[in-house]
file upload.cif (mmCIF, C-alpha atoms)
data_final
#
loop_
_atom_site.label_atom_id
_atom_site.label_comp_id
_atom_site.auth_asym_id
_atom_site.auth_seq_id
_atom_site.Cartn_x
_atom_site.Cartn_y
_atom_site.Cartn_z
CA MET A 1 -111.74 101.80 114.99
CA ILE A 2 -113.52 103.38 112.05
CA ASP A 3 -111.47 104.22 109.00
CA SER A 4 -111.83 107.97 108.52
CA ALA A 5 -110.98 107.48 104.84
CA LEU A 6 -114.07 105.33 104.15
CA PRO A 7 -115.77 106.68 101.01
CA THR A 8 -118.79 108.88 101.76
CA LEU A 9 -122.03 107.08 100.84
CA PHE A 10 -124.16 110.22 100.95
CA SER A 11 -121.62 112.85 100.01
CA PRO A 12 -123.27 115.92 98.42
CA TRP A 13 -121.82 115.42 94.94
CA ILE A 14 -123.06 111.82 94.74
CA LEU A 15 -126.52 112.80 95.92
CA SER A 16 -126.87 115.75 93.58
CA SER A 17 -125.49 113.86 90.58
CA GLU A 18 -127.95 111.02 91.10
CA LYS A 19 -130.81 113.40 92.08
CA ILE A 20 -131.88 111.20 94.96
CA ASP A 21 -133.74 113.90 96.81
CA SER A 22 -134.27 117.56 95.95
CA THR A 23 -133.90 118.55 99.59
CA ILE A 24 -130.41 117.06 99.67
CA GLU A 25 -129.35 119.17 96.70
CA ASP A 26 -129.76 122.31 98.79
CA THR A 27 -127.56 121.19 101.67
CA GLN A 28 -124.71 123.54 100.74
CA SER A 29 -126.84 126.48 101.84
CA VAL A 30 -127.17 125.31 105.42
CA ALA A 31 -124.86 126.04 108.30
CA PHE A 32 -123.18 122.63 108.26
CA THR A 33 -122.25 121.32 104.82
CA GLY A 34 -124.24 118.18 104.18
CA ILE A 35 -125.15 117.45 107.81
CA ARG A 36 -128.67 118.90 107.83
CA GLY A 37 -129.33 117.09 104.58
CA TYR A 38 -128.31 113.83 106.22
CA ALA A 39 -130.66 114.55 109.14
CA ASP A 40 -133.57 115.28 106.77
CA PHE A 41 -132.80 112.17 104.80
CA LEU A 42 -132.88 110.10 107.97
CA THR A 43 -136.53 111.03 108.54
CA GLY A 44 -137.49 108.86 105.58
CA ALA A 45 -138.04 105.10 105.56
CA ILE A 46 -134.52 104.39 104.29
CA GLY A 47 -133.13 106.78 106.86
CA LYS A 48 -134.90 105.01 109.69
CA ALA A 49 -133.31 101.75 108.63
CA LEU A 50 -129.90 103.38 108.69
CA THR A 51 -130.21 105.27 111.99
CA GLY A 52 -127.42 104.28 114.36
CA THR A 53 -125.10 103.10 111.59
CA TYR A 54 -125.39 105.70 108.80
CA PHE A 55 -122.66 107.91 110.18
CA TYR A 56 -120.07 105.21 109.57
CA PHE A 57 -120.54 105.86 105.86
CA ASN A 58 -120.49 109.63 106.32
CA MET A 59 -117.50 109.83 108.64
CA PRO A 60 -115.32 112.06 106.39
CA SER A 61 -118.09 114.67 105.99
CA ILE A 62 -119.04 114.61 109.67
CA LEU A 63 -115.41 115.04 110.72
CA GLU A 64 -114.98 117.90 108.28
CA ASP A 65 -118.05 119.67 109.68
CA ILE A 66 -116.73 119.28 113.23
CA LYS A 67 -113.36 120.60 112.11
CA GLN A 68 -114.97 123.66 110.52
CA ASN A 69 -117.35 124.26 113.45
CA PRO A 70 -115.80 122.78 116.63
CA SER A 71 -117.77 125.14 118.87
CA LYS A 72 -121.02 123.68 117.48
CA LEU A 73 -120.16 120.04 118.05
CA THR A 74 -123.25 119.44 120.18
CA GLU A 75 -125.54 120.79 117.46
CA ILE A 76 -123.81 118.73 114.77
CA LEU A 77 -124.17 115.54 116.80
CA SER A 78 -127.82 116.37 117.45
CA TYR A 79 -128.55 116.87 113.75
CA CYS A 80 -126.95 113.49 113.05
CA LYS A 81 -128.82 111.85 115.96
CA ILE A 82 -125.56 110.53 117.40
CA THR A 83 -126.15 109.99 121.11
CA LYS A 84 -124.87 106.53 122.02
CA GLU A 85 -121.70 106.46 124.11
CA GLU A 86 -119.96 103.98 121.80
CA ASP A 87 -120.80 106.09 118.74
CA LEU A 88 -119.43 109.21 120.43
CA LYS A 89 -116.22 107.32 121.26
CA THR A 90 -115.93 106.19 117.65
CA ILE A 91 -116.17 109.75 116.36
CA ALA A 92 -113.72 111.02 118.98
CA LEU A 93 -111.15 108.38 117.96
CA ALA A 94 -111.65 109.13 114.27
CA LEU A 95 -111.18 112.85 114.97
CA LEU A 96 -108.00 112.06 116.91
CA GLU A 97 -106.61 110.43 113.77
CA LYS A 98 -107.73 113.19 111.42
CA ASP A 99 -107.28 116.37 113.48
CA TYR A 100 -106.11 115.99 117.07
CA LYS A 101 -106.09 119.77 117.59
CA THR A 102 -109.81 120.04 116.89
CA LEU A 103 -110.48 117.11 119.23
CA ALA A 104 -108.58 118.89 122.00
CA LEU A 105 -110.84 121.93 121.54
CA CYS A 106 -114.15 120.12 121.67
CA LEU A 107 -113.52 116.92 123.68
CA PRO A 108 -115.49 118.17 126.75
CA ASP A 109 -118.54 118.79 124.53
CA PHE A 110 -118.75 115.14 123.47
CA GLY A 111 -120.32 114.29 126.82
CA ILE A 112 -118.49 110.96 127.03
CA GLN A 113 -118.98 109.44 130.48
CA ASP A 114 -116.30 106.73 130.44
CA GLN A 115 -113.55 108.30 132.55
CA ASP A 116 -110.95 105.63 131.74
CA PHE A 117 -111.52 106.23 128.04
CA LEU A 118 -111.19 110.00 128.52
CA LYS A 119 -107.95 109.65 130.48
CA GLU A 120 -106.46 107.43 127.78
CA LEU A 121 -107.58 109.86 125.09
CA GLU A 122 -106.08 112.83 126.94
CA LEU A 123 -102.76 111.00 127.28
CA LYS A 124 -102.86 110.30 123.56
CA LEU A 125 -103.52 113.97 122.85
CA ASP A 126 -100.53 114.97 124.99
CA GLU A 127 -98.32 112.60 122.99
CA CYS A 128 -99.65 114.00 119.72
CA PHE A 129 -98.95 117.59 120.73
CA LYS A 130 -95.45 116.76 121.96
CA THR A 131 -94.38 114.83 118.86
CA HIS A 132 -96.02 117.23 116.42
CA ASN A 133 -94.43 120.20 118.18
CA ILE A 134 -91.00 118.59 117.86
CA ILE A 135 -91.49 117.91 114.16
CA SER A 136 -93.04 121.32 113.55
CA SER A 137 -90.23 123.19 115.31
CA THR A 138 -87.63 121.09 113.46
CA LEU A 139 -89.14 122.01 110.10
CA LYS A 140 -89.60 125.68 111.00
CA ASN A 141 -85.90 126.03 111.77
CA ARG A 142 -84.93 125.05 108.25
CA LEU A 143 -83.59 127.68 105.86
CA ALA A 144 -84.52 128.20 102.22
CA THR A 145 -81.17 127.80 100.45
CA ALA A 146 -78.89 124.76 100.57
CA ALA A 147 -75.85 126.87 101.49
CA ALA A 148 -77.57 128.62 104.41
CA GLU A 149 -79.18 125.40 105.66
CA LEU A 150 -75.91 123.46 105.49
CA SER A 151 -74.21 126.22 107.47
CA ARG A 152 -76.91 126.01 110.15
CA LEU A 153 -76.83 122.23 110.38
CA SER A 154 -73.02 122.10 110.46
CA GLN A 155 -72.99 124.07 113.69
CA ASP A 156 -74.27 120.93 115.43
CA LEU A 157 -71.25 118.82 116.44
CA ARG A 158 -73.25 115.61 116.25
CA ILE A 159 -74.25 116.31 112.66
CA GLN A 160 -70.67 117.33 111.86
CA LYS A 161 -69.39 113.92 112.99
CA SER A 162 -72.00 112.10 110.96
CA LEU A 163 -71.26 114.03 107.76
CA GLN A 164 -67.52 113.49 108.21
CA LYS A 165 -68.07 109.75 108.63
CA ILE A 166 -70.24 109.59 105.52
CA GLU A 167 -67.93 111.66 103.34
CA SER A 168 -64.82 109.75 104.37
CA SER A 169 -66.39 106.51 103.16
CA HIS A 170 -67.28 107.87 99.72
CA TYR A 171 -63.84 108.70 98.42
CA TYR A 172 -64.44 106.52 95.34
CA TYR A 173 -67.55 108.47 94.30
CA ASP A 174 -68.04 112.03 93.24
CA PRO A 175 -68.22 114.29 96.31
CA LEU A 176 -71.64 114.86 97.83
CA THR A 177 -73.33 118.05 96.68
CA ALA A 178 -74.50 120.70 99.15
CA ALA A 179 -78.13 119.66 98.54
CA GLN A 180 -77.28 116.01 99.27
CA LYS A 181 -75.44 116.94 102.46
CA VAL A 182 -78.41 119.03 103.58
CA ALA A 183 -80.89 116.19 103.04
CA ILE A 184 -78.71 113.72 104.97
CA ALA A 185 -78.04 116.21 107.77
CA GLN A 186 -81.75 117.08 108.08
CA SER A 187 -82.62 113.42 108.57
CA ILE A 188 -79.96 113.14 111.29
CA GLU A 189 -81.29 116.28 112.98
CA LEU A 190 -84.77 114.74 112.99
CA ARG A 191 -83.40 111.54 114.50
CA GLU A 192 -81.67 113.45 117.28
CA ASN A 193 -84.79 115.47 118.07
CA LEU A 194 -87.08 112.43 118.23
CA LYS A 195 -84.68 109.87 119.73
CA ASP A 196 -86.35 109.72 123.15
CA THR A 197 -89.50 108.08 121.82
CA TYR A 198 -88.94 107.29 118.12
CA TYR A 199 -86.64 105.34 115.84
CA VAL A 200 -85.88 107.14 112.59
CA ILE A 201 -85.15 104.86 109.64
CA ASN A 202 -84.06 106.23 106.26
CA HIS A 203 -85.28 104.92 102.92
CA GLY A 204 -83.57 106.31 99.82
CA GLN A 205 -84.86 106.82 96.29
CA ASN A 206 -83.69 108.69 93.22
CA ASN A 207 -86.08 111.37 92.06
CA SER A 208 -87.24 109.55 88.93
CA GLY A 209 -89.74 107.84 91.21
CA ILE A 210 -90.82 110.77 93.37
CA ILE A 211 -93.70 111.51 90.99
CA ALA A 212 -95.23 108.11 91.82
CA ASN A 213 -95.08 108.91 95.55
CA ILE A 214 -96.62 112.35 95.05
CA LEU A 215 -99.31 110.79 92.86
CA ALA A 216 -100.12 108.25 95.59
CA LYS A 217 -100.42 111.07 98.10
CA LYS A 218 -102.61 113.22 95.88
CA VAL A 219 -105.09 110.51 94.85
CA ASN A 220 -105.48 109.67 98.54
CA GLU A 221 -106.33 113.30 99.27
CA LEU A 222 -108.61 113.87 96.27
CA PHE A 223 -110.37 110.51 95.99
CA GLU A 224 -110.05 108.80 99.38
CA ALA A 225 -110.37 111.71 101.84
CA LYS A 226 -107.00 110.66 103.29
CA LYS A 227 -104.97 113.70 104.20
CA TYR A 228 -102.36 113.35 106.92
CA GLU A 229 -99.82 115.69 108.42
CA TYR A 230 -96.16 114.69 108.13
CA PHE A 231 -96.81 111.50 106.19
CA GLU A 232 -95.62 110.74 102.66
CA VAL A 233 -97.02 107.70 100.88
CA LEU A 234 -94.33 105.23 99.74
CA ARG A 235 -96.65 102.56 98.35
CA HIS A 236 -100.21 103.10 97.25
CA ASP A 237 -102.81 100.62 98.53
CA VAL A 238 -103.33 99.32 95.00
CA PHE A 239 -100.02 97.49 95.35
CA LEU A 240 -101.03 95.87 98.63
CA GLN A 241 -104.23 94.14 97.57
CA GLY A 242 -104.58 90.58 98.71
CA ILE A 243 -102.33 90.86 101.75
CA SER A 244 -103.89 89.01 104.67
CA LYS A 245 -103.65 89.73 108.39
CA LYS A 246 -101.51 86.62 108.88
CA GLN A 247 -98.74 88.29 106.88
CA ASP A 248 -97.20 89.91 109.94
CA VAL A 249 -93.55 90.48 110.82
CA ALA A 250 -93.05 86.85 111.86
CA TRP A 251 -94.54 85.65 108.55
CA TYR A 252 -92.14 87.76 106.46
CA LYS A 253 -89.14 86.85 108.60
CA LYS A 254 -89.86 83.19 107.94
CA LYS A 255 -90.14 83.86 104.21
CA MET A 256 -86.84 85.75 104.25
CA GLU A 257 -84.92 82.91 105.91
CA TYR A 258 -84.22 81.37 102.52
CA GLY A 259 -85.84 83.90 100.23
CA SER A 260 -85.24 87.49 99.16
CA ASP A 261 -87.09 90.75 99.65
CA HIS A 262 -86.80 91.20 95.87
CA ASP A 263 -89.90 88.98 95.71
CA TYR A 264 -91.80 91.36 98.01
CA ARG A 265 -90.87 94.81 96.70
CA ASN A 266 -94.32 96.26 97.25
CA GLU A 267 -94.84 94.71 100.66
CA ILE A 268 -91.46 95.38 102.25
CA ILE A 269 -89.45 98.58 102.39
CA CYS A 270 -85.72 98.55 103.02
CA GLY A 271 -84.29 101.16 105.37
CA ASP A 272 -81.21 102.02 107.39
CA ILE A 273 -81.25 101.91 111.17
CA GLN A 274 -77.86 103.59 111.12
CA LEU A 275 -78.44 106.71 109.05
CA GLU A 276 -74.71 107.05 108.38
CA ASN A 277 -74.59 103.70 106.54
CA THR A 278 -72.95 103.98 103.10
CA THR A 279 -72.78 100.33 102.03
CA SER A 280 -72.68 100.22 98.23
CA TYR A 281 -75.87 98.97 96.55
CA GLU A 282 -77.52 98.47 99.95
CA SER A 283 -77.66 101.72 101.92
CA ALA A 284 -80.30 104.43 101.72
CA ILE A 285 -77.55 107.00 101.02
CA ASP A 286 -76.32 104.97 98.05
CA PHE A 287 -79.85 104.76 96.66
CA PHE A 288 -80.47 108.44 97.30
CA ALA A 289 -77.17 109.99 96.21
CA PHE A 290 -75.90 107.64 93.53
CA SER A 291 -79.02 105.99 92.05
CA LYS A 292 -77.79 102.51 92.98
CA ASN A 293 -81.22 101.02 93.49
CA ILE A 294 -83.63 98.78 91.64
CA ALA A 295 -85.05 101.72 89.67
CA ALA A 296 -82.20 103.33 87.80
CA ALA A 297 -82.51 107.07 87.35
CA GLU A 298 -83.14 106.69 83.63
CA ASP A 299 -85.62 103.79 83.92
CA TYR A 300 -88.78 105.75 83.19
CA ASN A 301 -90.64 102.61 82.14
CA PHE A 302 -90.49 101.49 85.77
CA THR A 303 -91.98 104.82 86.89
CA GLN A 304 -94.62 104.72 84.16
CA ARG A 305 -95.82 101.24 85.17
CA ILE A 306 -96.35 102.44 88.75
CA ILE A 307 -98.22 105.56 87.59
CA GLU A 308 -100.44 103.51 85.27
CA LYS A 309 -101.32 101.11 88.07
CA ILE A 310 -102.37 103.92 90.41
CA ALA A 311 -104.20 105.95 87.76
CA GLY A 312 -105.94 102.79 86.58
CA LYS A 313 -107.74 102.44 89.90
CA TYR A 314 -109.40 105.84 89.61
CA PHE A 315 -109.88 106.21 85.83
CA GLN A 316 -110.34 102.57 84.84
CA SER A 317 -113.50 103.35 82.87
CA ASP A 318 -111.44 105.35 80.36
CA LYS A 319 -108.25 103.65 79.14
CA LYS A 320 -107.22 106.70 77.10
CA LEU A 321 -107.49 108.87 80.19
CA VAL A 322 -105.22 106.50 82.12
CA GLU A 323 -102.70 106.71 79.28
CA GLN A 324 -103.01 110.51 79.25
CA VAL A 325 -102.35 110.86 82.99
CA SER A 326 -99.53 108.33 82.81
CA LYS A 327 -97.79 110.08 79.92
CA GLU A 328 -98.10 113.54 81.45
CA LEU A 329 -96.69 112.49 84.81
CA THR A 330 -93.98 110.24 83.36
CA ASP A 331 -92.82 113.13 81.16
CA LEU A 332 -92.74 115.29 84.30
CA SER A 333 -90.49 112.75 86.04
CA LYS A 334 -87.97 112.86 83.18
CA GLY A 335 -86.93 116.37 84.11
CA LEU A 336 -86.07 115.49 87.69
CA THR A 337 -82.60 114.72 89.00
CA GLY A 338 -81.16 114.05 92.45
CA GLY A 339 -82.81 112.00 95.15
CA THR A 340 -84.92 111.95 98.28
CA LEU A 341 -84.32 110.42 101.69
CA TYR A 342 -87.57 109.44 103.37
CA SER A 343 -87.22 109.45 107.15
CA ILE A 344 -89.66 106.89 108.54
CA CYS A 345 -90.35 107.70 112.19
CA ILE A 346 -91.67 104.76 114.21
CA PRO A 347 -92.61 104.83 117.91
CA LYS A 348 -90.11 102.69 119.81
CA THR A 349 -92.94 100.72 121.40
CA LYS A 350 -94.27 99.70 117.97
CA PHE A 351 -91.15 98.76 116.03
CA ASP A 352 -91.49 95.00 116.57
CA SER A 353 -94.96 95.02 115.02
CA VAL A 354 -93.83 97.10 112.03
CA GLY A 355 -90.46 95.64 111.02
CA TYR A 356 -87.35 93.74 111.93
CA LEU A 357 -83.55 94.04 111.82
CA SER A 358 -82.06 92.54 108.69
CA GLY A 359 -79.05 92.00 106.52
CA PRO A 360 -78.86 92.17 102.71
CA PHE A 361 -81.89 90.81 100.79
CA GLY A 362 -84.03 91.10 103.93
CA HIS A 363 -82.52 88.13 105.76
CA PRO A 364 -83.50 88.42 109.44
CA LEU A 365 -80.76 88.77 112.05
CA HIS A 366 -82.08 86.39 114.68
CA ASP A 367 -78.91 85.74 116.63
CA THR A 368 -76.75 88.76 115.82
CA PHE A 369 -79.01 91.63 116.85
CA THR A 370 -82.42 92.13 118.38
CA SER A 371 -84.63 95.16 118.78
CA ASP A 372 -82.90 95.78 122.12
CA ASP A 373 -79.86 96.89 120.11
CA LEU A 374 -81.79 99.53 118.19
CA ASP A 375 -80.85 102.43 120.46
CA SER A 376 -77.14 101.75 120.11
CA LEU A 377 -77.47 101.22 116.36
CA GLN A 378 -79.33 104.52 116.04
CA ASP A 379 -76.32 106.27 117.57
CA GLY A 380 -74.77 106.07 114.12
CA LEU A 381 -71.09 106.17 115.03
CA SER A 382 -70.40 102.43 115.11
CA SER A 383 -69.02 100.51 112.13
CA ILE A 384 -72.08 98.25 112.04
CA SER A 385 -74.44 98.82 109.12
CA THR A 386 -77.50 96.80 110.10
CA GLN A 387 -80.63 97.48 108.07
CA ALA A 388 -84.34 97.15 108.74
CA ARG A 389 -87.16 95.74 106.70
CA LEU A 390 -90.50 97.47 107.26
CA LEU A 391 -93.91 96.12 106.32
CA THR A 392 -95.53 98.64 104.00
CA ALA A 393 -99.03 97.77 105.20
CA LYS A 394 -98.00 98.62 108.76
CA LEU A 395 -96.74 102.11 107.90
CA ASP A 396 -99.94 103.77 108.99
CA PRO A 397 -100.26 107.38 110.23
CA LYS A 398 -103.02 106.19 112.55
CA GLU A 399 -100.28 104.34 114.45
CA ASP A 400 -98.37 107.60 115.06
CA ILE A 401 -95.91 106.82 112.28
CA PHE A 402 -94.53 109.75 110.31
CA ILE A 403 -92.70 109.78 106.98
CA LEU A 404 -90.87 112.99 106.08
CA PRO A 405 -89.00 113.64 102.82
CA HIS A 406 -85.54 115.18 102.73
CA SER A 407 -84.92 115.93 99.08
CA THR A 408 -82.33 117.54 96.86
CA LEU A 409 -85.34 119.35 95.41
CA SER A 410 -86.21 122.54 97.24
CA ILE A 411 -89.50 122.98 99.09
CA LYS A 412 -90.55 125.43 96.37
CA GLU A 413 -89.79 122.88 93.65
CA LEU A 414 -91.66 120.12 95.50
CA ARG A 415 -94.74 122.31 95.98
CA LYS A 416 -94.70 123.18 92.28
CA ILE A 417 -94.53 119.50 91.32
CA GLU A 418 -97.35 118.66 93.73
CA GLY A 419 -99.44 121.39 92.12
CA ILE A 420 -98.84 120.01 88.63
CA VAL A 421 -99.79 116.48 89.74
CA GLU A 422 -102.93 117.76 91.47
CA ASN A 423 -104.01 119.79 88.43
CA CYS A 424 -103.45 116.76 86.20
CA LEU A 425 -105.72 114.66 88.41
CA LEU A 426 -108.38 117.34 88.73
CA GLY A 427 -108.42 117.75 84.96
CA ALA A 428 -108.87 114.00 84.51
CA LYS A 429 -111.54 113.95 87.21
CA LYS A 430 -113.43 116.72 85.44
CA GLN A 431 -113.35 114.78 82.19
CA LEU A 432 -115.12 111.92 83.95
CA GLU A 433 -117.66 114.39 85.38
CA PHE A 434 -116.59 113.78 88.96
CA ILE A 435 -116.81 117.46 89.81
CA VAL A 436 -119.91 118.68 91.72
#
call {"tool": "encode", "arguments": {"input": "upload.cif", "output": "structure tokens"}}
result
Amino acid sequence: MIDSALPTLFSPWILSSEKIDSTIEDTQSVAFTGIRGYADFLTGAIGKALTGTYFYFNMPSILEDIKQNPSKLTEILSYCKITKEEDLKTIALALLEKDYKTLALCLPDFGIQDQDFLKELELKLDECFKTHNIISSTLKNRLATAAAELSRLSQDLRIQKSLQKIESSHYYYDPLTAAQKVAIAQSIELRENLKDTYYVINHGQNNSGIIANILAKKVNELFEAKKYEYFEVLRHDVFLQGISKKQDVAWYKKKMEYGSDHDYRNEIICGDIQLENTTSYESAIDFFAFSKNIAAAEDYNFTQRIIEKIAGKYFQSDKKLVEQVSKELTDLSKGLTGGTLYSICIPKTKFDSVGYLSGPFGHPLHDTFTSDDLDSLQDGLSSISTQARLLTAKLDPKEDIFILPHSTLSIKELRKIEGIVENCLLGAKKQLEFIV
């Protein structure tokens, strides 16, 4: 399967900045941004050598043109000289990952002859629509203020029981705030709505680190052409370099037999199978509500090191610029309080390839519980507080995995923060003359 986030070899801004061909510089005036320029380019000697494979390098731009002009798919494919059945399948699969709604509109126009492939693709589309509709309707029902939203959520008896269980176990802490209750209750509502086909596992963080997650999301959108619906980035790829395919679930379970997940912080994410778990220093709720995790709320050096690592990948040619971005975003994080619960939604059929049930420090529970017990553990009313360890590299939206934030920050506040981070990156990008 082709990675739809592969950098564009012939993207318009690269071509115009390097002045490869004057005809390419005018591609923005044609009906399909960039596509006709690619077709013209392919008439040359270099183009002939690339015919049949060039579109792999241009996948983001081709997908964007199809998205903008789904009714003209046939013409777009013709311009790009994409006619082989396998190439058409590749583009259809890439479009499924990037924009399943557009694929549903134009699938008949692909002219794919393989009926088994089409049936499988149509089933996949049905699953996408069903799951996305559930998530979309869940989010649309939410109310703007914490008081109103808590009132709505509390009308659900199942959520009532969960909140009562959680609050009764936290008598030795300050009471949960309304915003904290809302975030917890929203994650439970999501679990209940998706429980037929998904496991929902909560990962908690205090908000001193939310800037790093937003930064990871924004650089993916601005620099990598990775933009996914209902998926928050918990670890940027820069922290996963060097991980081999052999490092699967079985590999990490073996390492955890006598080791600790503290040695694999970037590669493994801790989460709660039972969303009502309140175990001190272990549970997602403790991390989220009481800052009892590895990154203390006031440890801004920890946040700054993460930001520097991510910014360094994209602005490495200018050390001062990396320092500038790092300082600006670290200062932004210092004004944030509260926490965020990240609800990681994993298809039930894929859990065993993504993670495993665990105790403290990531120790695998071989004999106590298996994945067969997940449904009962997800019920949330038992006294068992089994956790899960999830492989960061396996948390991939292409595998129908969703990650949704439930934060003490309001949606309005989150959007404002995202805007500040994006403007910071665009300003830095402009300084390096990355703008068209």
call {"tool": "resolve_selection", "arguments": {"input": "upload.cif", "expression": "the PyMOL selection byres ((chain A and resi 143-152) around 6)", "output": "list in words"}}
result
Arg142, Leu153, Ser154, Gln155, Ala179 and Val182 of chain A
call {"tool": "closest_atom_pairs", "arguments": {"input": "upload.cif", "of": "region 329-380 of chain A", "to": "region 190-207 of chain A", "cutoff": "9 Å", "atoms": "all atoms listed in the file", "output": "tab-separated table"}}
result
residue	atom	partner	partner_atom	distance
A:Ser333	CA	A:Asn207	CA	7.6
A:Leu336	CA	A:Asn207	CA	6.0
A:Thr337	CA	A:Asn207	CA	5.7
A:Gly338	CA	A:Asn207	CA	5.6
A:Gly339	CA	A:Asn206	CA	3.9
A:Thr340	CA	A:Gln205	CA	5.5
A:Leu341	CA	A:Gly204	CA	4.6
A:Tyr342	CA	A:His203	CA	5.1
A:Ser343	CA	A:Asn202	CA	4.6
A:Ile344	CA	A:Ile201	CA	5.1
A:Cys345	CA	A:Val200	CA	4.5
A:Ile346	CA	A:Tyr199	CA	5.3
A:Pro347	CA	A:Tyr198	CA	4.4
A:Lys348	CA	A:Tyr198	CA	5.0
A:Thr349	CA	A:Thr197	CA	8.1
A:Phe351	CA	A:Tyr199	CA	8.0
A:Leu374	CA	A:Tyr199	CA	7.9
A:Asp375	CA	A:Tyr199	CA	8.0
A:Gln378	CA	A:Tyr199	CA	7.4
A:Asp379	CA	A:Glu192	CA	9.0
call {"tool": "closest_residue", "arguments": {"input": "upload.cif", "among": "A:Thr303, A:Ser260, A:Gln186, A:Thr102", "to": "His363 (chain A)", "atoms": "only C-alpha atoms"}}
result
A:Ser260
call {"tool": "resolve_selection", "arguments": {"input": "upload.cif", "expression": "the PyMOL selection byres ((chain A and resi 388-399) around 8)", "output": "JSON, numbers by chain"}}
result
{"A": [97, 201, 228, 231, 234, 235, 240, 248, 249, 266, 267, 268, 269, 270, 271, 272, 273, 353, 354, 355, 356, 357, 358, 359, 362, 386, 387, 400, 401, 402]}
call {"tool": "write_last_selection", "arguments": {"input": "upload.cif", "atoms": "C-alpha atoms", "output": "compact mmCIF listing (two decimals), in the frame of the given file"}}
result
# COMPACT_ATOMS: atom_id res chain seq x y z
CA GLU A 97 -106.61 110.43 113.77
CA ILE A 201 -85.15 104.86 109.64
CA TYR A 228 -102.36 113.35 106.92
CA PHE A 231 -96.81 111.50 106.19
CA LEU A 234 -94.33 105.23 99.74
CA ARG A 235 -96.65 102.56 98.35
CA LEU A 240 -101.03 95.87 98.63
CA ASP A 248 -97.20 89.91 109.94
CA VAL A 249 -93.55 90.48 110.82
CA ASN A 266 -94.32 96.26 97.25
CA GLU A 267 -94.84 94.71 100.66
CA ILE A 268 -91.46 95.38 102.25
CA ILE A 269 -89.45 98.58 102.39
CA CYS A 270 -85.72 98.55 103.02
CA GLY A 271 -84.29 101.16 105.37
CA ASP A 272 -81.21 102.02 107.39
CA ILE A 273 -81.25 101.91 111.17
CA SER A 353 -94.96 95.02 115.02
CA VAL A 354 -93.83 97.10 112.03
CA GLY A 355 -90.46 95.64 111.02
CA TYR A 356 -87.35 93.74 111.93
CA LEU A 357 -83.55 94.04 111.82
CA SER A 358 -82.06 92.54 108.69
CA GLY A 359 -79.05 92.00 106.52
CA GLY A 362 -84.03 91.10 103.93
CA THR A 386 -77.50 96.80 110.10
CA GLN A 387 -80.63 97.48 108.07
CA ASP A 400 -98.37 107.60 115.06
CA ILE A 401 -95.91 106.82 112.28
CA PHE A 402 -94.53 109.75 110.31
call {"tool": "atom_distance", "arguments": {"input": "upload.cif", "atom1": "CA of Gln274 (chain A)", "atom2": "CA of Gly380 (chain A)"}}
result
5.0 Å
call {"tool": "residues_around", "arguments": {"input": "upload.cif", "residues": "Leu73 (chain A)", "least_positions_apart": "4", "cutoff": "10 Å", "atoms": "all atoms listed in the file", "output": "list in words"}}
result
Asp65, Ile66, Lys67, Gln68, Asn69, Leu77, Ser78, Tyr79, Cys106, Leu107, Asp109 and Phe110 of chain A
call {"tool": "atom_distance", "arguments": {"input": "upload.cif", "atom1": "CA of Lys412 (chain A)", "atom2": "CA of Asp331 (chain A)"}}
result
19.7 Å
call {"tool": "atom_distance", "arguments": {"input": "upload.cif", "atom1": "CA of Asn213 (chain A)", "atom2": "CA of Ile307 (chain A)"}}
result
9.2 Å
call {"tool": "residues_around", "arguments": {"input": "upload.cif", "residues": "Ser162 (chain A)", "least_positions_apart": "5", "cutoff": "9 Å", "atoms": "all atoms listed in the file", "output": "VMD selection string"}}
result
chain A and resid 157 167 185 188 275 to 276 380 to 381
call {"tool": "resolve_selection", "arguments": {"input": "upload.cif", "expression": "the PyMOL selection byres ((chain A and resi 289) around 8)", "output": "list in words"}}
result
Leu176, Gln180, Asn206, Ile285, Asp286, Phe287, Phe288, Phe290, Ser291, Gly338 and Gly339 of chain A
call {"tool": "closest_residue", "arguments": {"input": "upload.cif", "among": "A:Ala216, A:Ile62, A:Ile211, A:Ile166", "to": "Ser283 (chain A)", "atoms": "only C-alpha atoms"}}
result
A:Ile166
call {"tool": "residues_around", "arguments": {"input": "upload.cif", "residues": "Gly111 (chain A)", "least_positions_apart": "5", "cutoff": "9 Å", "atoms": "all atoms listed in the file", "output": "short mmCIF file (atom, residue, chain, number, x, y, z; two decimals) with C-alpha atoms, in the frame of the given file"}}
result
data_model
loop_
_atom_site.label_atom_id
_atom_site.label_comp_id
_atom_site.auth_asym_id
_atom_site.auth_seq_id
_atom_site.Cartn_x
_atom_site.Cartn_y
_atom_site.Cartn_z
CA THR A 74 -123.25 119.44 120.18
CA GLU A 85 -121.70 106.46 124.11
CA LEU A 88 -119.43 109.21 120.43
#
